[in-house]
>>> print(open('target_31.pdb').read())   # PDB, C-alpha atoms
ATOM      1  CA  MET A   1       2.729  12.977  -5.745
ATOM      2  CA  ILE A   2       6.127  11.353  -5.323
ATOM      3  CA  ARG A   3       8.119  10.386  -2.234
ATOM      4  CA  SER A   4      10.060  13.682  -2.066
ATOM      5  CA  GLU A   5       6.838  15.733  -2.252
ATOM      6  CA  LEU A   6       5.330  13.684   0.557
ATOM      7  CA  ILE A   7       8.452  14.311   2.658
ATOM      8  CA  GLN A   8       8.230  18.020   1.827
ATOM      9  CA  LYS A   9       4.609  18.257   3.019
ATOM     10  CA  ILE A  10       5.352  16.482   6.290
ATOM     11  CA  ALA A  11       8.406  18.715   6.812
ATOM     12  CA  GLU A  12       6.329  21.872   6.280
ATOM     13  CA  GLU A  13       3.794  20.718   8.874
ATOM     14  CA  ASN A  14       6.550  19.928  11.367
ATOM     15  CA  PRO A  15       8.974  22.851  11.318
ATOM     16  CA  HIS A  16      10.518  21.633  14.601
ATOM     17  CA  LEU A  17      11.891  18.502  12.848
ATOM     18  CA  TYR A  18      15.029  18.341  10.745
ATOM     19  CA  GLN A  19      14.367  17.532   7.099
ATOM     20  CA  ARG A  20      16.661  14.494   7.384
ATOM     21  CA  ASP A  21      14.595  13.155  10.291
ATOM     22  CA  VAL A  22      11.399  13.566   8.263
ATOM     23  CA  GLU A  23      13.090  11.594   5.494
ATOM     24  CA  ARG A  24      13.989   8.838   7.958
ATOM     25  CA  ILE A  25      10.448   8.777   9.354
ATOM     26  CA  VAL A  26       8.819   8.437   5.932
ATOM     27  CA  ASN A  27      11.381   5.884   4.750
ATOM     28  CA  THR A  28      10.981   3.850   7.952
ATOM     29  CA  ILE A  29       7.226   3.549   7.415
ATOM     30  CA  PHE A  30       7.586   2.154   3.887
ATOM     31  CA  GLU A  31      10.548  -0.028   4.861
ATOM     32  CA  GLU A  32       8.605  -1.509   7.780
ATOM     33  CA  ILE A  33       5.723  -2.471   5.463
ATOM     34  CA  ILE A  34       8.062  -4.204   3.002
ATOM     35  CA  GLU A  35       9.852  -6.064   5.820
ATOM     36  CA  ALA A  36       6.551  -7.291   7.242
ATOM     37  CA  LEU A  37       5.441  -8.625   3.856
ATOM     38  CA  ALA A  38       8.841 -10.241   3.292
ATOM     39  CA  ARG A  39       8.260 -12.160   6.579
ATOM     40  CA  GLY A  40       4.835 -13.199   5.316
ATOM     41  CA  ASP A  41       2.981 -10.854   7.679
ATOM     42  CA  ARG A  42       0.030  -8.582   6.864
ATOM     43  CA  VAL A  43      -0.124  -4.842   7.440
ATOM     44  CA  GLU A  44      -3.605  -3.578   8.204
ATOM     45  CA  LEU A  45      -4.124   0.182   8.226
ATOM     46  CA  ARG A  46      -7.797   0.740   9.061
ATOM     47  CA  GLY A  47      -9.498   3.245   6.806
ATOM     48  CA  PHE A  48      -6.557   3.297   4.396
ATOM     49  CA  GLY A  49      -6.121  -0.326   3.332
ATOM     50  CA  ALA A  50      -4.326  -3.586   3.956
ATOM     51  CA  PHE A  51      -1.138  -4.995   2.471
ATOM     52  CA  SER A  52      -0.850  -8.765   2.321
ATOM     53  CA  VAL A  53       0.995 -11.524   0.492
ATOM     54  CA  LYS A  54      -0.708 -13.814  -2.004
ATOM     55  CA  LYS A  55       0.656 -17.124  -3.158
ATOM     56  CA  ARG A  56       0.674 -17.816  -6.884
ATOM     57  CA  ASP A  57       0.825 -21.531  -7.675
ATOM     58  CA  ALA A  58       3.396 -22.973 -10.045
ATOM     59  CA  ARG A  59       2.057 -23.177 -13.581
ATOM     60  CA  ILE A  60       3.037 -23.950 -17.126
ATOM     61  CA  GLY A  61       3.599 -20.635 -18.858
ATOM     62  CA  ARG A  62       4.276 -19.881 -22.458
ATOM     63  CA  ASN A  63       6.865 -17.655 -24.048
ATOM     64  CA  PRO A  64       4.583 -15.314 -25.998
ATOM     65  CA  ARG A  65       7.227 -14.788 -28.666
ATOM     66  CA  THR A  66       8.210 -18.392 -29.403
ATOM     67  CA  GLY A  67       5.129 -20.227 -28.076
ATOM     68  CA  GLU A  68       7.467 -22.461 -26.093
ATOM     69  CA  SER A  69       6.166 -23.930 -22.788
ATOM     70  CA  VAL A  70       8.087 -22.965 -19.664
ATOM     71  CA  GLN A  71       7.693 -24.060 -16.062
ATOM     72  CA  VAL A  72       6.866 -21.026 -13.861
ATOM     73  CA  GLU A  73       7.743 -21.601 -10.188
ATOM     74  CA  GLU A  74       5.322 -20.942  -7.356
ATOM     75  CA  LYS A  75       5.801 -17.411  -6.010
ATOM     76  CA  HIS A  76       4.505 -14.885  -3.504
ATOM     77  CA  VAL A  77       3.329 -11.435  -4.552
ATOM     78  CA  PRO A  78       2.370  -8.290  -2.599
ATOM     79  CA  PHE A  79      -1.321  -7.355  -2.643
ATOM     80  CA  PHE A  80      -3.172  -4.227  -1.515
ATOM     81  CA  LYS A  81      -6.855  -3.953  -0.691
ATOM     82  CA  THR A  82      -8.300  -0.464  -0.319
ATOM     83  CA  GLY A  83      -9.929   0.313   3.019
ATOM     84  CA  LYS A  84     -13.617   1.187   3.232
ATOM     85  CA  LEU A  85     -13.134   4.786   4.316
ATOM     86  CA  LEU A  86     -10.702   5.578   1.496
ATOM     87  CA  ARG A  87     -12.888   3.759  -1.042
ATOM     88  CA  ASP A  88     -15.841   5.865   0.074
ATOM     89  CA  ARG A  89     -13.813   9.083  -0.022
ATOM     90  CA  LEU A  90     -12.709   8.309  -3.596
ATOM     91  CA  ASN A  91     -16.373   8.267  -4.522
ATOM     92  CA  GLY A  92     -17.287  11.507  -2.854
ATOM     93  CA  HIS A  93     -18.706  10.176   0.383
ATOM     94  CA  GLU A  94     -16.884  12.154   3.021
ATOM     95  CA  GLU A  95     -17.826  11.058   6.515
TER
ATOM     96  CA  MET B   1       6.434 -14.843  12.077
ATOM     97  CA  GLY B   2       4.509 -15.322   8.891
ATOM     98  CA  ASN B   3       1.011 -14.985  10.275
ATOM     99  CA  SER B   4       0.875 -11.891  12.405
ATOM    100  CA  THR B   5      -0.714  -8.596  11.470
ATOM    101  CA  LEU B   6       0.962  -5.232  11.835
ATOM    102  CA  THR B   7      -1.058  -2.106  12.508
ATOM    103  CA  ARG B   8      -0.483   1.648  12.718
ATOM    104  CA  GLN B   9       0.861   1.053  16.197
ATOM    105  CA  ASP B  10       3.678  -1.156  14.900
ATOM    106  CA  LEU B  11       4.627   1.449  12.295
ATOM    107  CA  ALA B  12       4.613   4.136  14.995
ATOM    108  CA  GLU B  13       6.813   1.913  17.154
ATOM    109  CA  ALA B  14       9.308   1.554  14.269
ATOM    110  CA  VAL B  15       9.407   5.352  13.851
ATOM    111  CA  PHE B  16       9.865   5.732  17.609
ATOM    112  CA  ARG B  17      12.844   3.338  17.574
ATOM    113  CA  GLU B  18      14.368   4.860  14.456
ATOM    114  CA  VAL B  19      14.102   8.567  15.218
ATOM    115  CA  GLY B  20      13.582   8.862  18.942
ATOM    116  CA  LEU B  21      10.522  11.098  18.956
ATOM    117  CA  SER B  22       7.865  10.450  21.576
ATOM    118  CA  ARG B  23       5.514   7.538  20.939
ATOM    119  CA  ASN B  24       2.647   9.980  20.637
ATOM    120  CA  GLU B  25       4.364  12.129  18.031
ATOM    121  CA  SER B  26       5.530   9.019  16.130
ATOM    122  CA  ALA B  27       1.919   7.864  15.921
ATOM    123  CA  GLN B  28       0.790  11.276  14.672
ATOM    124  CA  LEU B  29       3.438  11.256  11.946
ATOM    125  CA  VAL B  30       2.348   7.818  10.720
ATOM    126  CA  GLU B  31      -1.209   9.141  10.605
ATOM    127  CA  SER B  32      -0.238  12.237   8.676
ATOM    128  CA  VAL B  33       1.723  10.226   6.088
ATOM    129  CA  LEU B  34      -1.372   8.076   5.448
ATOM    130  CA  GLN B  35      -3.554  11.185   5.398
ATOM    131  CA  HIS B  36      -1.411  12.954   2.774
ATOM    132  CA  ILE B  37      -1.374   9.893   0.539
ATOM    133  CA  SER B  38      -5.163   9.530   0.860
ATOM    134  CA  ASP B  39      -5.787  13.225   0.165
ATOM    135  CA  ALA B  40      -3.651  13.142  -2.998
ATOM    136  CA  LEU B  41      -5.548  10.059  -4.230
ATOM    137  CA  VAL B  42      -8.913  11.661  -3.494
ATOM    138  CA  ARG B  43      -7.778  14.644  -5.617
ATOM    139  CA  GLY B  44      -7.198  12.092  -8.384
ATOM    140  CA  GLU B  45      -3.403  12.210  -8.219
ATOM    141  CA  THR B  46      -1.175   9.183  -8.708
ATOM    142  CA  VAL B  47       1.078   8.565  -5.705
ATOM    143  CA  LYS B  48       4.431   7.137  -6.689
ATOM    144  CA  ILE B  49       6.768   6.053  -3.907
ATOM    145  CA  SER B  50      10.072   4.968  -5.420
ATOM    146  CA  SER B  51      11.234   1.478  -4.448
ATOM    147  CA  PHE B  52       7.846   0.891  -2.746
ATOM    148  CA  GLY B  53       5.116   1.156  -5.350
ATOM    149  CA  THR B  54       2.530   3.269  -7.137
ATOM    150  CA  PHE B  55      -1.067   3.975  -6.133
ATOM    151  CA  THR B  56      -3.300   4.894  -9.068
ATOM    152  CA  VAL B  57      -6.940   5.957  -9.161
ATOM    153  CA  ARG B  58      -8.872   4.419 -12.030
ATOM    154  CA  GLN B  59     -12.271   5.471 -13.280
ATOM    155  CA  LYS B  60     -14.680   2.610 -13.930
ATOM    156  CA  GLY B  61     -17.724   3.019 -16.126
ATOM    157  CA  GLN B  62     -21.230   1.812 -15.355
ATOM    158  CA  ARG B  63     -21.784  -1.916 -15.834
ATOM    159  CA  ILE B  64     -24.481  -4.450 -15.178
ATOM    160  CA  GLY B  65     -23.993  -6.643 -12.149
ATOM    161  CA  ARG B  66     -26.103  -9.411 -10.718
ATOM    162  CA  ASN B  67     -27.214 -10.101  -7.192
ATOM    163  CA  PRO B  68     -25.564 -13.497  -6.653
ATOM    164  CA  LYS B  69     -28.325 -14.641  -4.323
ATOM    165  CA  THR B  70     -31.399 -13.651  -6.329
ATOM    166  CA  GLY B  71     -29.932 -13.480  -9.850
ATOM    167  CA  VAL B  72     -31.558 -10.070 -10.349
ATOM    168  CA  GLU B  73     -29.610  -7.725 -12.641
ATOM    169  CA  VAL B  74     -28.698  -4.363 -11.162
ATOM    170  CA  PRO B  75     -26.694  -1.501 -12.662
ATOM    171  CA  ILE B  76     -23.377  -0.836 -10.881
ATOM    172  CA  SER B  77     -22.807   2.912 -10.885
ATOM    173  CA  PRO B  78     -19.600   4.430 -12.303
ATOM    174  CA  ARG B  79     -16.958   4.658  -9.617
ATOM    175  CA  ARG B  80     -13.318   5.392  -8.873
ATOM    176  CA  VAL B  81     -11.177   2.523  -7.660
ATOM    177  CA  LEU B  82      -7.670   2.497  -6.275
ATOM    178  CA  SER B  83      -5.038   0.133  -7.539
ATOM    179  CA  PHE B  84      -1.589  -0.467  -6.109
ATOM    180  CA  ARG B  85       1.293  -1.657  -8.250
ATOM    181  CA  PRO B  86       4.264  -2.792  -6.155
ATOM    182  CA  SER B  87       7.729  -1.728  -7.276
ATOM    183  CA  HIS B  88      10.121  -4.235  -8.731
ATOM    184  CA  LEU B  89      12.138  -4.051  -5.517
ATOM    185  CA  MET B  90       9.124  -4.798  -3.285
ATOM    186  CA  LYS B  91       8.098  -7.737  -5.480
ATOM    187  CA  GLU B  92      11.616  -9.141  -5.331
ATOM    188  CA  ARG B  93      11.921  -8.817  -1.558
ATOM    189  CA  VAL B  94       8.475 -10.322  -0.941
ATOM    190  CA  ALA B  95       9.131 -13.218  -3.340
ATOM    191  CA  GLU B  96      12.561 -13.839  -1.811
ATOM    192  CA  GLY B  97      11.405 -13.651   1.812
ATOM    193  CA  ASN B  98       8.500 -16.047   1.267
ATOM    194  CA  ARG B  99      10.256 -18.564  -0.949
ATOM    195  CA  GLY B 100       9.305 -22.152  -0.052
ATOM    196  CA  ARG B 101       6.739 -20.983   2.509
TER
END
>>> encode(input="target_31.pdb", output="structure tokens")
Amino acid sequence: MIRSELIQKIAEENPHLYQRDVERIVNTIFEEIIEALARGDRVELRGFGAFSVKKRDARIGRNPRTGESVQVEEKHVPFFKTGKLLRDRLNGHEE
Amino acid sequence: MGNSTLTRQDLAEAVFREVGLSRNESAQLVESVLQHISDALVRGETVKISSFGTFTVRQKGQRIGRNPKTGVEVPISPRRVLSFRPSHLMKERVAEGNRGR
């Protein structure tokens, strides 16, 4: 499923909404999650999962082609942990 | 900033501000977006949201685990796990926003 198919499904379920509003709604949700993570906040969606930011320490990396050592700066990366309900549903345990 | 946690309610509030539906309907729409993503994943589909990221279901085979407390070996049954790979854009914005933090 891709973004446009998700928008399509929500639009079909909500015939009273304009397609462009459904697009804005769906885009707002994803945008809000990215903005929260960019501020260093967590987004916890019970049953679905939680988005958070993990810090990766600076390290000495290696260019795999030349074998040369390079300094890799400390950085922050997005992380997602699946919620219990979704994890259970993936394994056939419907509530 | 930097240590608070957002929930469904905050996402619903953002939808409410952005589109001007009622708070109740905004909350229902957030719920139905999460529900559609979950349902697709449960069907085994990959969910790819451009400029956000990709959720993929991976099948894991049986392996032998160990109870860390007792040291007893136990088989871990085959299972499906979800992995999320953030888009390049999300990684960039998260790295940029948290630089030096």
>>> closest_residue(input="target_31.pdb", among="A:Pro78, A:Thr28, A:Leu90, A:Lys84", to="Glu13 (chain B)", atoms="all atoms listed in the file")
A:Thr28
>>> interface_residues(input="target_31.pdb", of="chain A", to="chain B", cutoff="8 Å", atoms="only C-alpha atoms", output="PyMOL selection string")
chain A and resi 1-3+6+10+21+24-26+28-30+32-34+36-45+48+53+75-80+82+86-87+89-91
>>> atom_distance(input="target_31.pdb", atom1="CA of Asn27 (chain A)", atom2="CA of Ile7 (chain A)")
9.2 Å
>>> atom_distance(input="target_31.pdb", atom1="CA of Gly61 (chain B)", atom2="CA of Pro75 (chain B)")
10.6 Å
>>> closest_residue(input="target_31.pdb", among="A:Glu5, A:Gly83, A:Glu23, A:His93", to="Arg46 (chain A)", atoms="all atoms listed in the file")
A:Gly83
>>> closest_residue(input="target_31.pdb", among="A:Arg20, A:Lys81, A:Arg65, A:Lys9", to="Gly49 (chain A)", atoms="all atoms listed in the file")
A:Lys81
>>> decode(input="target_31.pdb", residues="region 2-23 of chain A", atoms="C-alpha atoms", output="JSON list (two decimals), in the first residue's frame")
[["chain", "number", "residue", "atom", "x", "y", "z"],
["A", 2, "ILE", "CA", 1.32, 3.45, -0.83],
["A", 3, "ARG", "CA", 0.33, 6.92, 0.38],
["A", 4, "SER", "CA", -2.14, 7.56, -2.47],
["A", 5, "GLU", "CA", -3.92, 4.23, -1.83],
["A", 6, "LEU", "CA", -4.23, 5.06, 1.85],
["A", 7, "ILE", "CA", -5.73, 8.45, 0.94],
["A", 8, "GLN", "CA", -8.11, 6.71, -1.47],
["A", 9, "LYS", "CA", -9.38, 4.32, 1.22],
["A", 10, "ILE", "CA", -9.98, 7.11, 3.72],
["A", 11, "ALA", "CA", -11.75, 9.16, 1.01],
["A", 12, "GLU", "CA", -14.06, 6.24, 0.17],
["A", 13, "GLU", "CA", -15.03, 5.86, 3.83],
["A", 14, "ASN", "CA", -15.71, 9.59, 4.14],
["A", 15, "PRO", "CA", -17.71, 10.62, 1.09],
["A", 16, "HIS", "CA", -18.67, 13.90, 2.82],
["A", 17, "LEU", "CA", -15.01, 15.08, 2.70],
["A", 18, "TYR", "CA", -13.28, 16.60, -0.29],
["A", 19, "GLN", "CA", -10.44, 14.48, -1.64],
["A", 20, "ARG", "CA", -8.04, 17.40, -1.13],
["A", 21, "ASP", "CA", -9.01, 17.61, 2.55],
["A", 22, "VAL", "CA", -8.37, 13.89, 2.98],
["A", 23, "GLU", "CA", -4.95, 14.46, 1.43]]
